[in-house]
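File shown here: model-v7.tsv, holding TSV, C-alpha atoms and all ligand atoms.
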chain	number	residue	atom	x	y	z
A	210	MET	CA	-35.02	-13.02	-10.86
A	211	THR	CA	-33.62	-9.70	-9.64
A	212	MET	CA	-31.45	-7.71	-11.94
A	213	GLU	CA	-27.77	-7.42	-11.00
A	214	PHE	CA	-25.71	-4.28	-11.47
A	215	ARG	CA	-22.78	-6.46	-12.55
A	216	ASP	CA	-23.72	-10.13	-12.75
A	217	LEU	CA	-20.83	-12.14	-11.34
A	218	LYS	CA	-23.12	-14.99	-10.28
A	219	GLN	CA	-24.21	-15.90	-13.80
A	220	GLN	CA	-20.66	-15.56	-15.04
A	221	TYR	CA	-19.45	-18.03	-12.40
A	222	GLN	CA	-22.27	-20.48	-13.02
A	223	LEU	CA	-21.53	-20.47	-16.71
A	224	HIS	CA	-17.83	-21.25	-16.20
A	225	GLU	CA	-18.09	-23.05	-12.86
A	226	ARG	CA	-16.37	-26.27	-13.91
A	227	GLU	CA	-13.23	-24.70	-15.39
A	228	ILE	CA	-12.88	-22.14	-12.59
A	229	ASP	CA	-13.33	-24.75	-9.86
A	230	ALA	CA	-10.76	-27.00	-11.51
A	231	ALA	CA	-8.28	-24.13	-11.73
A	232	ILE	CA	-8.74	-23.34	-8.03
A	233	GLN	CA	-8.47	-27.05	-7.10
A	234	SER	CA	-5.19	-27.38	-8.90
A	235	VAL	CA	-3.67	-24.52	-6.87
A	236	LEU	CA	-4.94	-26.21	-3.68
A	237	TYR	CA	-3.26	-29.50	-4.67
A	238	ASN	CA	-0.01	-27.75	-5.56
A	239	THR	CA	-0.14	-25.45	-2.47
A	240	ASP	CA	1.97	-22.90	-4.32
A	241	PHE	CA	-0.14	-20.06	-2.91
A	242	ILE	CA	2.47	-17.32	-3.31
A	243	ASN	CA	4.41	-16.86	-6.56
A	244	GLY	CA	2.93	-20.04	-8.00
A	245	SER	CA	3.29	-21.03	-11.62
A	246	CYS	CA	-0.10	-19.44	-12.50
A	247	VAL	CA	1.23	-16.02	-11.55
A	248	LYS	CA	4.12	-16.18	-14.00
A	249	LEU	CA	1.91	-17.57	-16.73
A	250	LEU	CA	-0.73	-14.88	-16.15
A	251	GLU	CA	1.89	-12.12	-16.35
A	252	MET	CA	3.07	-13.54	-19.68
A	253	LYS	CA	-0.47	-13.77	-21.05
A	254	LEU	CA	-1.44	-10.28	-19.88
A	255	ALA	CA	1.68	-8.67	-21.33
A	256	GLU	CA	0.96	-10.43	-24.62
A	257	TYR	CA	-2.72	-9.44	-24.50
A	258	VAL	CA	-1.92	-5.75	-23.96
A	259	GLY	CA	1.08	-5.76	-26.28
A	260	VAL	CA	3.74	-4.51	-23.87
A	261	LYS	CA	7.03	-6.03	-22.77
A	262	HIS	CA	6.40	-6.37	-19.03
A	263	CYS	CA	3.47	-7.16	-16.78
A	264	ILE	CA	4.04	-7.23	-13.02
A	265	THR	CA	1.04	-8.37	-10.99
A	266	CYS	CA	0.45	-6.96	-7.51
A	267	ALA	CA	-2.11	-6.91	-4.69
A	268	ASN	CA	-4.58	-4.36	-6.10
A	269	GLY	CA	-5.02	-1.46	-8.52
A	270	THR	CA	-4.19	1.17	-5.90
A	271	ASP	CA	-0.82	-0.42	-5.08
A	272	ALA	CA	-0.16	-0.65	-8.82
A	273	LEU	CA	-0.49	3.15	-9.13
A	274	GLN	CA	1.70	3.71	-6.09
A	275	LEU	CA	4.37	1.32	-7.41
A	276	ALA	CA	4.53	3.30	-10.67
A	277	LEU	CA	5.09	6.58	-8.82
A	278	MET	CA	7.74	4.90	-6.64
A	279	ALA	CA	9.58	3.60	-9.70
A	280	TRP	CA	9.73	7.16	-11.03
A	281	HIS	CA	10.89	8.50	-7.64
A	282	ILE	CA	8.01	10.96	-7.48
A	283	GLY	CA	8.03	12.80	-4.16
A	284	LYS	CA	8.05	16.12	-2.36
A	285	GLY	CA	7.76	19.16	-4.60
A	286	ASP	CA	6.52	17.10	-7.55
A	287	VAL	CA	3.11	17.61	-9.10
A	288	VAL	CA	0.93	14.81	-10.42
A	289	PHE	CA	-2.05	15.85	-12.56
A	290	VAL	CA	-5.17	13.77	-11.93
A	291	PRO	CA	-8.66	14.02	-13.43
A	292	ASP	CA	-11.14	15.54	-11.01
A	293	PHE	CA	-13.70	12.86	-11.88
A	294	THR	CA	-12.41	9.39	-10.99
A	295	PHE	CA	-12.21	6.85	-8.18
A	296	PHE	CA	-10.35	8.12	-5.11
A	297	SER	CA	-7.29	5.85	-5.69
A	298	SER	CA	-6.16	7.75	-8.78
A	299	GLY	CA	-5.37	10.70	-6.52
A	300	GLU	CA	-4.84	8.97	-3.18
A	301	VAL	CA	-1.46	7.53	-4.14
A	302	VAL	CA	-0.06	11.00	-4.92
A	303	PRO	CA	0.17	12.33	-1.33
A	304	LEU	CA	1.09	8.78	-0.25
A	305	VAL	CA	4.43	9.20	-2.01
A	306	GLY	CA	4.74	12.77	-0.70
A	307	SER	CA	3.83	14.69	-3.84
A	308	THR	CA	1.02	17.11	-4.70
A	309	PRO	CA	-2.06	16.18	-6.72
A	310	VAL	CA	-3.43	18.85	-9.04
A	311	PHE	CA	-6.91	17.96	-10.18
A	312	VAL	CA	-7.98	18.70	-13.74
A	313	ASP	CA	-11.48	19.19	-15.14
A	314	ILE	CA	-12.97	16.68	-17.58
A	315	ASP	CA	-14.23	16.53	-21.14
A	316	GLU	CA	-17.95	17.14	-21.47
A	317	ASP	CA	-18.60	14.09	-23.68
A	318	THR	CA	-16.18	11.36	-22.59
A	319	TYR	CA	-15.80	12.37	-18.90
A	320	ASN	CA	-12.09	11.69	-19.30
A	321	ILE	CA	-9.42	14.28	-18.47
A	322	SER	CA	-9.77	17.34	-20.71
A	323	PRO	CA	-6.54	17.93	-22.66
A	324	ASP	CA	-7.23	21.70	-22.78
A	325	SER	CA	-7.78	21.93	-19.03
A	326	LEU	CA	-4.69	19.77	-18.53
A	327	GLU	CA	-2.46	22.10	-20.50
A	328	ALA	CA	-3.92	25.12	-18.68
A	329	ALA	CA	-3.25	23.41	-15.34
A	330	VAL	CA	0.38	22.66	-16.25
A	331	GLU	CA	0.92	26.29	-17.28
A	332	HIS	CA	-0.76	27.54	-14.12
A	333	ILE	CA	1.49	25.45	-11.88
A	334	MET	CA	4.64	26.50	-13.75
A	335	GLN	CA	3.77	30.20	-13.60
A	336	ASN	CA	2.39	30.43	-10.08
A	337	THR	CA	4.22	27.88	-7.93
A	338	ASP	CA	7.66	26.42	-7.25
A	339	LEU	CA	6.29	22.91	-7.72
A	340	ARG	CA	7.65	20.64	-10.49
A	341	PRO	CA	5.13	19.15	-12.94
A	342	ARG	CA	6.12	15.47	-13.38
A	343	VAL	CA	3.28	13.06	-14.12
A	344	ILE	CA	-0.15	12.94	-15.79
A	345	VAL	CA	-2.49	10.27	-14.46
A	346	ALA	CA	-4.79	9.54	-17.40
A	347	VAL	CA	-7.77	7.43	-16.34
A	348	ASP	CA	-9.66	5.28	-18.87
A	349	LEU	CA	-12.94	6.16	-17.19
A	350	PHE	CA	-15.94	3.83	-17.47
A	351	GLY	CA	-14.00	1.73	-20.01
A	352	GLN	CA	-13.15	4.30	-22.69
A	353	PRO	CA	-9.44	5.06	-23.12
A	354	ALA	CA	-8.39	8.64	-22.39
A	355	ASP	CA	-7.46	10.93	-25.31
A	356	PHE	CA	-3.88	9.67	-25.51
A	357	ASP	CA	-3.07	11.38	-28.83
A	358	LYS	CA	-3.49	14.80	-27.24
A	359	ILE	CA	-2.23	13.79	-23.80
A	360	ARG	CA	1.01	12.48	-25.34
A	361	GLN	CA	1.55	15.80	-27.15
A	362	ILE	CA	1.20	17.69	-23.86
A	363	ALA	CA	3.45	15.20	-22.06
A	364	ASP	CA	6.15	15.67	-24.72
A	365	LYS	CA	5.84	19.46	-24.70
A	366	TYR	CA	6.27	19.72	-20.90
A	367	HIS	CA	8.48	16.63	-20.35
A	368	LEU	CA	5.92	14.78	-18.27
A	369	LEU	CA	5.41	11.07	-17.74
A	370	ILE	CA	2.05	9.43	-18.44
A	371	LEU	CA	0.62	7.00	-15.91
A	372	GLU	CA	-2.38	5.29	-17.49
A	373	ASP	CA	-4.89	4.22	-14.84
A	374	GLY	CA	-6.60	1.41	-16.75
A	375	ALA	CA	-8.50	-0.02	-13.77
A	376	GLN	CA	-11.75	0.46	-15.67
A	377	GLY	CA	-10.35	0.41	-19.18
A	378	PHE	CA	-8.78	-3.04	-19.44
A	379	GLY	CA	-9.91	-4.56	-22.73
A	380	GLY	CA	-10.58	-1.16	-24.31
A	381	LYS	CA	-8.78	-0.03	-27.47
A	382	ILE	CA	-7.79	2.95	-29.58
A	383	ARG	CA	-7.57	2.09	-33.30
A	384	GLY	CA	-7.07	-1.55	-32.31
A	385	ARG	CA	-4.28	-0.85	-29.85
A	386	LYS	CA	-5.11	-2.10	-26.35
A	387	ALA	CA	-5.63	-0.06	-23.19
A	388	CYS	CA	-2.75	-0.28	-20.71
A	389	SER	CA	-0.26	0.20	-23.56
A	390	PHE	CA	-0.58	4.01	-23.78
A	391	GLY	CA	1.07	5.11	-20.55
A	392	ASP	CA	4.82	5.11	-19.96
A	393	ILE	CA	3.58	2.91	-17.17
A	394	ALA	CA	-0.02	1.65	-17.04
A	395	THR	CA	-1.93	-0.06	-14.27
A	396	THR	CA	-5.11	-2.05	-13.88
A	397	SER	CA	-7.25	-3.56	-11.13
A	398	PHE	CA	-8.79	-7.02	-10.89
A	399	PHE	CA	-11.33	-6.00	-8.24
A	400	PRO	CA	-14.33	-8.29	-8.87
A	401	ALA	CA	-16.53	-5.63	-10.51
A	402	LYS	CA	-13.87	-4.37	-12.95
A	403	PRO	CA	-13.97	-5.51	-16.59
A	404	LEU	CA	-11.49	-8.33	-15.81
A	405	GLY	CA	-12.20	-9.19	-12.19
A	406	CYS	CA	-10.82	-11.89	-9.89
A	407	TYR	CA	-12.39	-13.28	-6.70
A	408	GLY	CA	-10.83	-10.82	-4.30
A	409	ASP	CA	-8.27	-8.06	-4.77
A	410	GLY	CA	-5.66	-7.97	-7.49
A	411	GLY	CA	-3.82	-5.57	-9.77
A	412	ALA	CA	-1.10	-5.26	-12.38
A	413	VAL	CA	1.48	-2.83	-13.77
A	414	PHE	CA	2.46	-2.69	-17.46
A	415	THR	CA	5.49	-1.10	-19.07
A	416	ASP	CA	7.92	-1.48	-21.96
A	417	SER	CA	10.81	-0.24	-19.80
A	418	ASP	CA	13.18	-2.94	-18.48
A	419	GLU	CA	14.50	-0.55	-15.86
A	420	TRP	CA	11.12	0.42	-14.39
A	421	ALA	CA	9.86	-3.17	-14.54
A	422	GLU	CA	12.83	-4.36	-12.51
A	423	LEU	CA	12.37	-1.59	-9.96
A	424	ILE	CA	8.67	-2.39	-9.58
A	425	ARG	CA	9.45	-6.10	-9.11
A	426	SER	CA	11.73	-5.05	-6.29
A	427	TYR	CA	9.36	-2.50	-4.71
A	428	CYS	CA	6.45	-4.93	-4.60
A	429	VAL	CA	8.46	-7.52	-2.62
A	430	HIS	CA	10.00	-5.49	0.25
A	431	GLY	CA	12.52	-3.72	-1.97
A	432	LYS	CA	14.25	-7.02	-2.68
A	433	GLY	CA	17.74	-7.25	-4.17
A	434	LYS	CA	18.96	-10.77	-4.99
A	435	ASP	CA	16.04	-12.21	-3.01
A	436	LYS	CA	13.51	-11.06	-0.47
A	437	TYR	CA	16.02	-11.36	2.39
A	438	ASP	CA	18.38	-8.99	0.61
A	439	ASN	CA	16.65	-5.65	0.88
A	440	VAL	CA	18.14	-2.79	-1.11
A	441	ARG	CA	15.30	-0.25	-0.86
A	442	ILE	CA	12.15	0.39	1.17
A	443	GLY	CA	9.27	-1.30	-0.60
A	444	MET	CA	5.88	-2.85	-0.02
A	445	ASN	CA	4.36	-6.30	0.27
A	446	SER	CA	2.11	-6.33	-2.77
A	447	ARG	CA	1.63	-9.61	-4.63
A	448	LEU	CA	-1.17	-11.28	-6.51
A	449	ASP	CA	-2.22	-14.61	-4.91
A	450	THR	CA	-1.76	-17.72	-7.03
A	451	LEU	CA	-5.46	-18.53	-6.48
A	452	GLN	CA	-6.45	-15.20	-8.02
A	453	ALA	CA	-4.06	-15.74	-10.92
A	454	ALA	CA	-5.64	-19.15	-11.57
A	455	VAL	CA	-9.12	-17.56	-11.67
A	456	LEU	CA	-7.90	-14.77	-13.96
A	457	LEU	CA	-6.29	-17.23	-16.39
A	458	GLU	CA	-9.67	-18.91	-16.83
A	459	LYS	CA	-11.56	-15.64	-17.11
A	460	LEU	CA	-9.13	-14.26	-19.67
A	461	LYS	CA	-10.25	-17.01	-22.06
A	462	PHE	CA	-13.74	-15.55	-22.46
A	463	PHE	CA	-12.89	-11.93	-21.67
A	464	ASP	CA	-12.97	-10.55	-25.24
A	465	GLU	CA	-16.26	-12.26	-25.90
A	466	GLU	CA	-17.78	-10.67	-22.79
A	467	ILE	CA	-16.62	-7.21	-23.80
A	468	GLU	CA	-18.05	-7.69	-27.25
A	469	THR	CA	-21.42	-8.56	-25.67
A	470	CYS	CA	-21.18	-5.51	-23.38
A	471	ASN	CA	-20.73	-3.41	-26.53
A	472	GLN	CA	-23.95	-4.86	-27.92
A	473	VAL	CA	-25.77	-4.11	-24.64
A	474	ALA	CA	-24.42	-0.56	-24.71
A	475	CYS	CA	-25.58	-0.17	-28.27
A	476	GLU	CA	-29.12	-1.28	-27.37
A	477	TYR	CA	-29.22	1.07	-24.37
A	478	THR	CA	-27.98	3.96	-26.47
A	479	ASN	CA	-30.44	3.43	-29.31
A	480	ARG	CA	-33.37	3.39	-26.92
A	481	LEU	CA	-32.22	6.14	-24.54
A	482	LYS	CA	-30.60	8.75	-26.76
A	483	SER	CA	-33.80	10.69	-27.30
A	484	CYS	CA	-34.41	11.27	-23.57
A	485	VAL	CA	-31.07	11.40	-21.69
A	486	LYS	CA	-27.43	12.18	-22.46
A	487	VAL	CA	-25.99	8.78	-23.38
A	488	PRO	CA	-22.28	7.91	-23.20
A	489	LEU	CA	-20.25	8.97	-26.22
A	490	VAL	CA	-17.54	6.61	-27.38
A	491	LYS	CA	-15.36	8.40	-29.90
A	492	GLU	CA	-15.04	6.89	-33.34
A	493	GLU	CA	-11.54	5.46	-33.02
A	494	MET	CA	-12.24	4.18	-29.49
A	495	TYR	CA	-13.51	0.82	-28.25
A	496	SER	CA	-14.84	0.75	-24.68
A	497	SER	CA	-14.67	-2.14	-22.24
A	498	TRP	CA	-17.85	-0.76	-20.59
A	499	ALA	CA	-16.86	-0.89	-16.96
A	500	GLN	CA	-19.90	1.38	-16.54
A	501	TYR	CA	-22.76	2.58	-18.70
A	502	THR	CA	-23.35	6.09	-17.39
A	503	VAL	CA	-26.08	8.46	-18.50
A	504	CYS	CA	-26.57	12.11	-17.55
A	505	PHE	CA	-29.83	13.81	-16.66
A	506	GLN	CA	-30.66	17.49	-17.04
A	507	ASN	CA	-30.31	18.20	-13.34
A	508	ASN	CA	-29.84	16.65	-9.93
A	509	GLY	CA	-33.56	16.37	-9.19
A	510	GLU	CA	-34.15	14.29	-12.30
A	511	ARG	CA	-31.20	12.04	-11.47
A	512	GLU	CA	-32.47	11.44	-7.95
A	513	ARG	CA	-35.99	10.70	-9.20
A	514	ALA	CA	-34.69	8.24	-11.76
A	515	ALA	CA	-32.49	6.42	-9.22
A	516	GLU	CA	-35.45	6.18	-6.84
A	517	LEU	CA	-37.87	4.92	-9.48
A	518	LEU	CA	-35.42	2.33	-10.75
A	519	LYS	CA	-34.76	1.14	-7.21
A	520	GLU	CA	-38.51	0.78	-6.51
A	521	ASN	CA	-38.66	-1.45	-9.57
A	522	GLY	CA	-35.81	-3.68	-8.47
A	523	ILE	CA	-33.24	-2.16	-10.81
A	524	PRO	CA	-29.88	-1.40	-9.17
A	525	THR	CA	-28.01	1.76	-10.16
A	526	ALA	CA	-24.96	3.60	-8.80
A	527	VAL	CA	-23.64	7.14	-8.86
A	528	TYR	CA	-20.05	7.15	-10.09
A	529	TYR	CA	-19.10	9.71	-8.80
A	530	LYS	CA	-21.11	11.87	-6.46
A	531	LYS	CA	-18.15	13.91	-5.25
A	532	ALA	CA	-15.37	15.47	-7.29
A	533	MET	CA	-11.82	14.75	-6.17
A	534	HIS	CA	-11.21	18.40	-5.23
A	535	GLN	CA	-14.24	18.21	-2.93
A	536	GLN	CA	-12.90	15.25	-0.94
A	537	LYS	CA	-11.98	16.17	2.61
A	538	ALA	CA	-8.89	13.96	2.45
A	539	PHE	CA	-7.31	16.26	-0.15
A	540	LYS	CA	-8.00	19.48	1.79
A	541	GLU	CA	-4.45	19.68	3.04
A	542	ASN	CA	-2.73	17.76	0.25
A	543	GLY	CA	-4.09	19.13	-2.95
A	544	PHE	CA	-3.96	22.25	-5.04
A	545	TRP	CA	-7.08	23.43	-6.76
A	546	GLU	CA	-7.28	27.10	-7.69
A	547	LEU	CA	-8.66	25.84	-11.01
A	548	ASP	CA	-12.04	25.55	-12.70
A	549	TYR	CA	-13.98	22.33	-12.12
A	550	SER	CA	-17.38	23.32	-13.45
A	551	MET	CA	-17.76	20.35	-15.81
A	552	THR	CA	-16.90	17.76	-13.16
A	553	GLU	CA	-19.28	19.39	-10.68
A	554	LYS	CA	-22.09	19.34	-13.22
A	555	ILE	CA	-21.55	15.68	-14.11
A	556	CYS	CA	-21.32	14.66	-10.42
A	557	ASP	CA	-24.80	16.13	-9.94
A	558	CYS	CA	-26.44	14.52	-12.95
A	559	CYS	CA	-24.79	11.17	-13.73
A	560	LEU	CA	-26.23	7.72	-13.10
A	561	SER	CA	-24.67	4.36	-13.93
A	562	LEU	CA	-27.04	1.64	-15.10
A	563	PRO	CA	-26.73	-2.15	-14.84
A	564	MET	CA	-24.05	-3.26	-17.32
A	565	HIS	CA	-22.79	-6.79	-17.88
A	566	PRO	CA	-22.81	-9.44	-20.63
A	567	TYR	CA	-25.78	-11.31	-19.18
A	568	LEU	CA	-28.38	-8.54	-19.53
A	569	ASN	CA	-31.06	-9.67	-21.96
A	570	THR	CA	-33.29	-7.55	-24.15
A	571	ASN	CA	-36.09	-7.71	-21.58
A	572	ASP	CA	-33.86	-6.39	-18.81
A	573	ILE	CA	-32.64	-3.58	-21.03
A	574	GLN	CA	-36.20	-2.65	-21.98
A	575	LYS	CA	-37.23	-2.61	-18.30
A	576	VAL	CA	-34.47	-0.14	-17.48
A	577	VAL	CA	-35.23	1.98	-20.52
A	578	ASP	CA	-38.98	2.14	-19.75
A	579	ARG	CA	-38.35	3.44	-16.23
A	580	ILE	CA	-35.94	6.09	-17.42
A	581	ARG	CA	-38.34	7.20	-20.12
A	582	GLN	CA	-40.96	7.54	-17.41
A	583	VAL	CA	-38.80	10.18	-15.68
B	601	LIG	C1	-11.00	0.52	-8.92
B	601	LIG	C2	-10.11	1.62	-9.33
B	601	LIG	C3	-8.82	1.76	-8.80
B	601	LIG	C4	-8.30	0.95	-7.64
B	601	LIG	O1	-8.31	-0.42	-7.79
B	601	LIG	P1	-8.28	-1.37	-6.50
B	601	LIG	O2	-7.92	-2.69	-7.06
B	601	LIG	O3	-9.65	-1.33	-5.91
B	601	LIG	O4	-7.26	-0.84	-5.56
B	601	LIG	C5	-8.02	2.76	-9.29
B	601	LIG	N1	-8.44	3.60	-10.25
B	601	LIG	C6	-9.67	3.52	-10.78
B	601	LIG	C7	-10.08	4.46	-11.85
B	601	LIG	C8	-10.56	2.52	-10.33
B	601	LIG	O5	-11.78	2.45	-10.86
Can the structure in the file be given as structure tokens, please?
Ligand SMILES: *Cc1c(COP(=O)(O)O)cnc(C)c1O
Amino acid sequence: MTMEFRDLKQQYQLHEREIDAAIQSVLYNTDFINGSCVKLLEMKLAEYVGVKHCITCANGTDALQLALMAWHIGKGDVVFVPDFTFFSSGEVVPLVGSTPVFVDIDEDTYNISPDSLEAAVEHIMQNTDLRPRVIVAVDLFGQPADFDKIRQIADKYHLLILEDGAQGFGGKIRGRKACSFGDIATTSFFPAKPLGCYGDGGAVFTDSDEWAELIRSYCVHGKGKDKYDNVRIGMNSRLDTLQAAVLLEKLKFFDEEIETCNQVACEYTNRLKSCVKVPLVKEEMYSSWAQYTVCFQNNGERERAAELLKENGIPTAVYYKKAMHQQKAFKENGFWELDYSMTEKICDCCLSLPMHPYLNTNDIQKVVDRIRQV
């Protein structure tokens, strides 16, 4: 059997009966939009995370955009975004008319570096007329960002925190769940994320009644009393009832899966730490292991390892090959007279290995042996 990078097939086979029944019941009810599963899922997710409101939407990118819209972020505003993340975290910033300022990352966690963040805020205040407004803090690869320090900086400069928990859902800091640290937090249910559905999906989390109400309006055509009473310009961004039904089933075994991923990560780390830089999860942190990412000494080694693993039927991925400030799309929209040496180094040397709850000890050993060979 070939090894999967993220094994959604085994997961489905294991829970086939319950998931099929959940889908069937939506088909019988034909409540495809705004069905009862959507409301129930929002309640369960809000309870799971420990925040007052959960608003589901069409995907994790829309979720980020909806947050910025609720805060009326626009022209002349600056949104700080880690330089090492998926494109979406920065894409939504010019979409609402504001300016992304990319920030270098921490050497060990690959999350936004609080020191670089503070330097970036100072730089913008001293050298531009732009207004610092928001910090996008990404819970990269499953580990929550350093919210203790990020909150201090946010308070000092009166900034809002938007937690991009697309990869971090299920993670924790001292027992407190990811997606509860931002003033608004978002996640994605893209199939390969820690909690994935069978298509696209996303959600927004907040304790604020005011922002929650605005987001509920923005995601249904800026609705007022109903969707034919339109009081603002919005979007059409909803989670399908079918996806909600799948997610309700998957939520039941979600914690168990993450616990198993933590065991897999532990095995990888024990066997790899003497030959490559293994991921560091800080003591008070609990990762949801969206990715298990190692770093080689240089680009040549990384490329050799990826090639050798591929020849042996082991899938890997490079998250991420290109820093945000190097993306052509940001050429005219961004601002980056800052130092990105850490991100550039990690982009050259990182490699993500197969990571899911159905990896057995044999699979892990196979991966480890090939990497040791390099
Ligand atoms: C996947 C991802 C997103 C976007 O989610 P979609 O549901 O694919 O739109 C945003 N941010 C990060 C960090 C992601 O990994």
Requested in this report: Compile the contact shell of Leu481 in chain A as a PyMOL selection string: residues with an atom at most 9 Å away, counting all atoms listed in the file, same-chain residues fewer than 6 positions apart removed.
Outcome: chain A and resi 487+503+577+580-581
Report task. Just the residues within 9 Å of range 362-378 of chain A, please, counting only C-alpha atoms, with nothing from its chain fewer than 2 positions along; format it as an NGL selection string. Result -> :A and (258 or 269 or 273 or 276-277 or 280 or 298 or 323 or 326-327 or 330 or 341-354 or 358-360 or 380-381 or 386-399 or 402-404 or 411 or 496-500)
Report task. Would you work out the distance separating CA of Lys530 in chain A from atom O3 of ligand LIG 601 (chain B), expressed in Å to one decimal? Result ->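 Atom-to-atom, CA of Lys530 in chain A and atom O3 of ligand LIG 601 (chain B) are spaced 17.5 Å apart.
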Query raised in the report: Got a sec: who's within 9 Å of Val247 in chain A, counting only C-alpha atoms, leaving out chain neighbours fewer than 5 positions off, as a PyMOL selection string?
Result: chain A and resi 242+252+265+448-454
Query - Selection near Leu517 in chain A, 12 Å with all atoms listed in the file, sequence-local residues under 4 positions removed, as a PyMOL selection string - result: chain A and resi 510-513+521-525+575-583
Query raised in the report: With only C-alpha atoms and all ligand atoms as the atoms that count, which of A:Glu251, A:Glu300, A:Glu419, A:Glu227 lies nearest to ligand LIG 601 (chain B)?
Result: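 Checking each candidate against ligand LIG 601 (chain B), we get A:Glu300 as the closest.
Nearest to ligand LIG 601 (chain B) of all the residues A:Asp409, A:Asp355, A:Glu256, A:Asp338 is A:Asp409, based on all atoms listed in the file.
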Please list as a PDB file with C-alpha atoms, keeping the file's coordinate frame every residue within 8 Å of range 303-316 of chain A, counting only C-alpha atoms and excluding residues in the same chain fewer than 3 positions away.
ATOM      1  CA  GLN A 274       1.700   3.710  -6.090  1.00  0.00           C
ATOM      2  CA  LEU A 277       5.090   6.580  -8.820  1.00  0.00           C
ATOM      3  CA  MET A 278       7.740   4.900  -6.640  1.00  0.00           C
ATOM      4  CA  ILE A 282       8.010  10.960  -7.480  1.00  0.00           C
ATOM      5  CA  GLY A 283       8.030  12.800  -4.160  1.00  0.00           C
ATOM      6  CA  LYS A 284       8.050  16.120  -2.360  1.00  0.00           C
ATOM      7  CA  GLY A 285       7.760  19.160  -4.600  1.00  0.00           C
ATOM      8  CA  ASP A 286       6.520  17.100  -7.550  1.00  0.00           C
ATOM      9  CA  VAL A 287       3.110  17.610  -9.100  1.00  0.00           C
ATOM     10  CA  VAL A 288       0.930  14.810 -10.420  1.00  0.00           C
ATOM     11  CA  PHE A 289      -2.050  15.850 -12.560  1.00  0.00           C
ATOM     12  CA  VAL A 290      -5.170  13.770 -11.930  1.00  0.00           C
ATOM     13  CA  PRO A 291      -8.660  14.020 -13.430  1.00  0.00           C
ATOM     14  CA  ASP A 292     -11.140  15.540 -11.010  1.00  0.00           C
ATOM     15  CA  PHE A 293     -13.700  12.860 -11.880  1.00  0.00           C
ATOM     16  CA  GLY A 299      -5.370  10.700  -6.520  1.00  0.00           C
ATOM     17  CA  GLU A 300      -4.840   8.970  -3.180  1.00  0.00           C
ATOM     18  CA  TYR A 319     -15.800  12.370 -18.900  1.00  0.00           C
ATOM     19  CA  ASN A 320     -12.090  11.690 -19.300  1.00  0.00           C
ATOM     20  CA  ILE A 321      -9.420  14.280 -18.470  1.00  0.00           C
ATOM     21  CA  SER A 322      -9.770  17.340 -20.710  1.00  0.00           C
ATOM     22  CA  PRO A 323      -6.540  17.930 -22.660  1.00  0.00           C
ATOM     23  CA  SER A 325      -7.780  21.930 -19.030  1.00  0.00           C
ATOM     24  CA  LEU A 326      -4.690  19.770 -18.530  1.00  0.00           C
ATOM     25  CA  ALA A 329      -3.250  23.410 -15.340  1.00  0.00           C
ATOM     26  CA  MET A 533     -11.820  14.750  -6.170  1.00  0.00           C
ATOM     27  CA  HIS A 534     -11.210  18.400  -5.230  1.00  0.00           C
ATOM     28  CA  ASN A 542      -2.730  17.760   0.250  1.00  0.00           C
ATOM     29  CA  GLY A 543      -4.090  19.130  -2.950  1.00  0.00           C
ATOM     30  CA  PHE A 544      -3.960  22.250  -5.040  1.00  0.00           C
ATOM     31  CA  TRP A 545      -7.080  23.430  -6.760  1.00  0.00           C
ATOM     32  CA  LEU A 547      -8.660  25.840 -11.010  1.00  0.00           C
ATOM     33  CA  ASP A 548     -12.040  25.550 -12.700  1.00  0.00           C
ATOM     34  CA  TYR A 549     -13.980  22.330 -12.120  1.00  0.00           C
ATOM     35  CA  SER A 550     -17.380  23.320 -13.450  1.00  0.00           C
ATOM     36  CA  MET A 551     -17.760  20.350 -15.810  1.00  0.00           C
ATOM     37  CA  THR A 552     -16.900  17.760 -13.160  1.00  0.00           C
TER      38      THR A 552
END
Query raised in the report: So how far away is CA of Asp317 in chain A from CA of Ser483 in chain A, in Å?
Result: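 Here the two named atoms are 16.0 Å from each other.
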Report summary line: Using only C-alpha atoms, the shortest atom-to-atom distance to Cys246 in chain A among A:Ala272, A:Val455, A:Ile382, A:Ala538 belongs to A:Val455
Query raised in the report: Which residue out of A:Tyr427, A:Phe295, A:Tyr477, A:Trp420 has the minimum interatomic distance to Leu568 in chain A when all atoms listed in the file are used?
Result: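 Smallest distance to Leu568 in chain A is found for A:Tyr477.
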Query raised in the report: Given the choices A:Ser234, A:Gln222, A:Thr294, A:Thr337, which gets closest to ligand LIG 601 (chain B) if the distance is worked out from all atoms listed in the file?
Result: A:Thr294
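When only C-alpha atoms are used to compute distances to Phe214 in chain A, the closest of the residues A:Ile467, A:Ala401, A:Leu249, A:Cys406 turns out to be A:Ala401.
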Query raised in the report: Quick one: distance from CA of Asn471 in chain A to CA of Tyr501 in chain A in Å, one decimal?
Result: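 Between CA of Asn471 in chain A and CA of Tyr501 in chain A the gap is 10.1 Å.
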Requested in this report: Would you list the residues near (13.3, -5.6, -7.9), meaning any protein, DNA or RNA residue with an atom at most 12 Å from that point in file coordinates, counting all atoms listed in the file, as a ChimeraX atom specification?
Outcome: /A:264,275,278-279,418-436,438-444
Once 5 Å is added on each side, what centre and edge lengths in Å to one decimal does the axis-aligned box around all listed atoms of range 326-335 of chain A have, as AutoDock Vina command-line options?
--center_x 0.0 --center_y 25.0 --center_z -16.2 --size_x 19.3 --size_y 20.4 --size_z 18.6
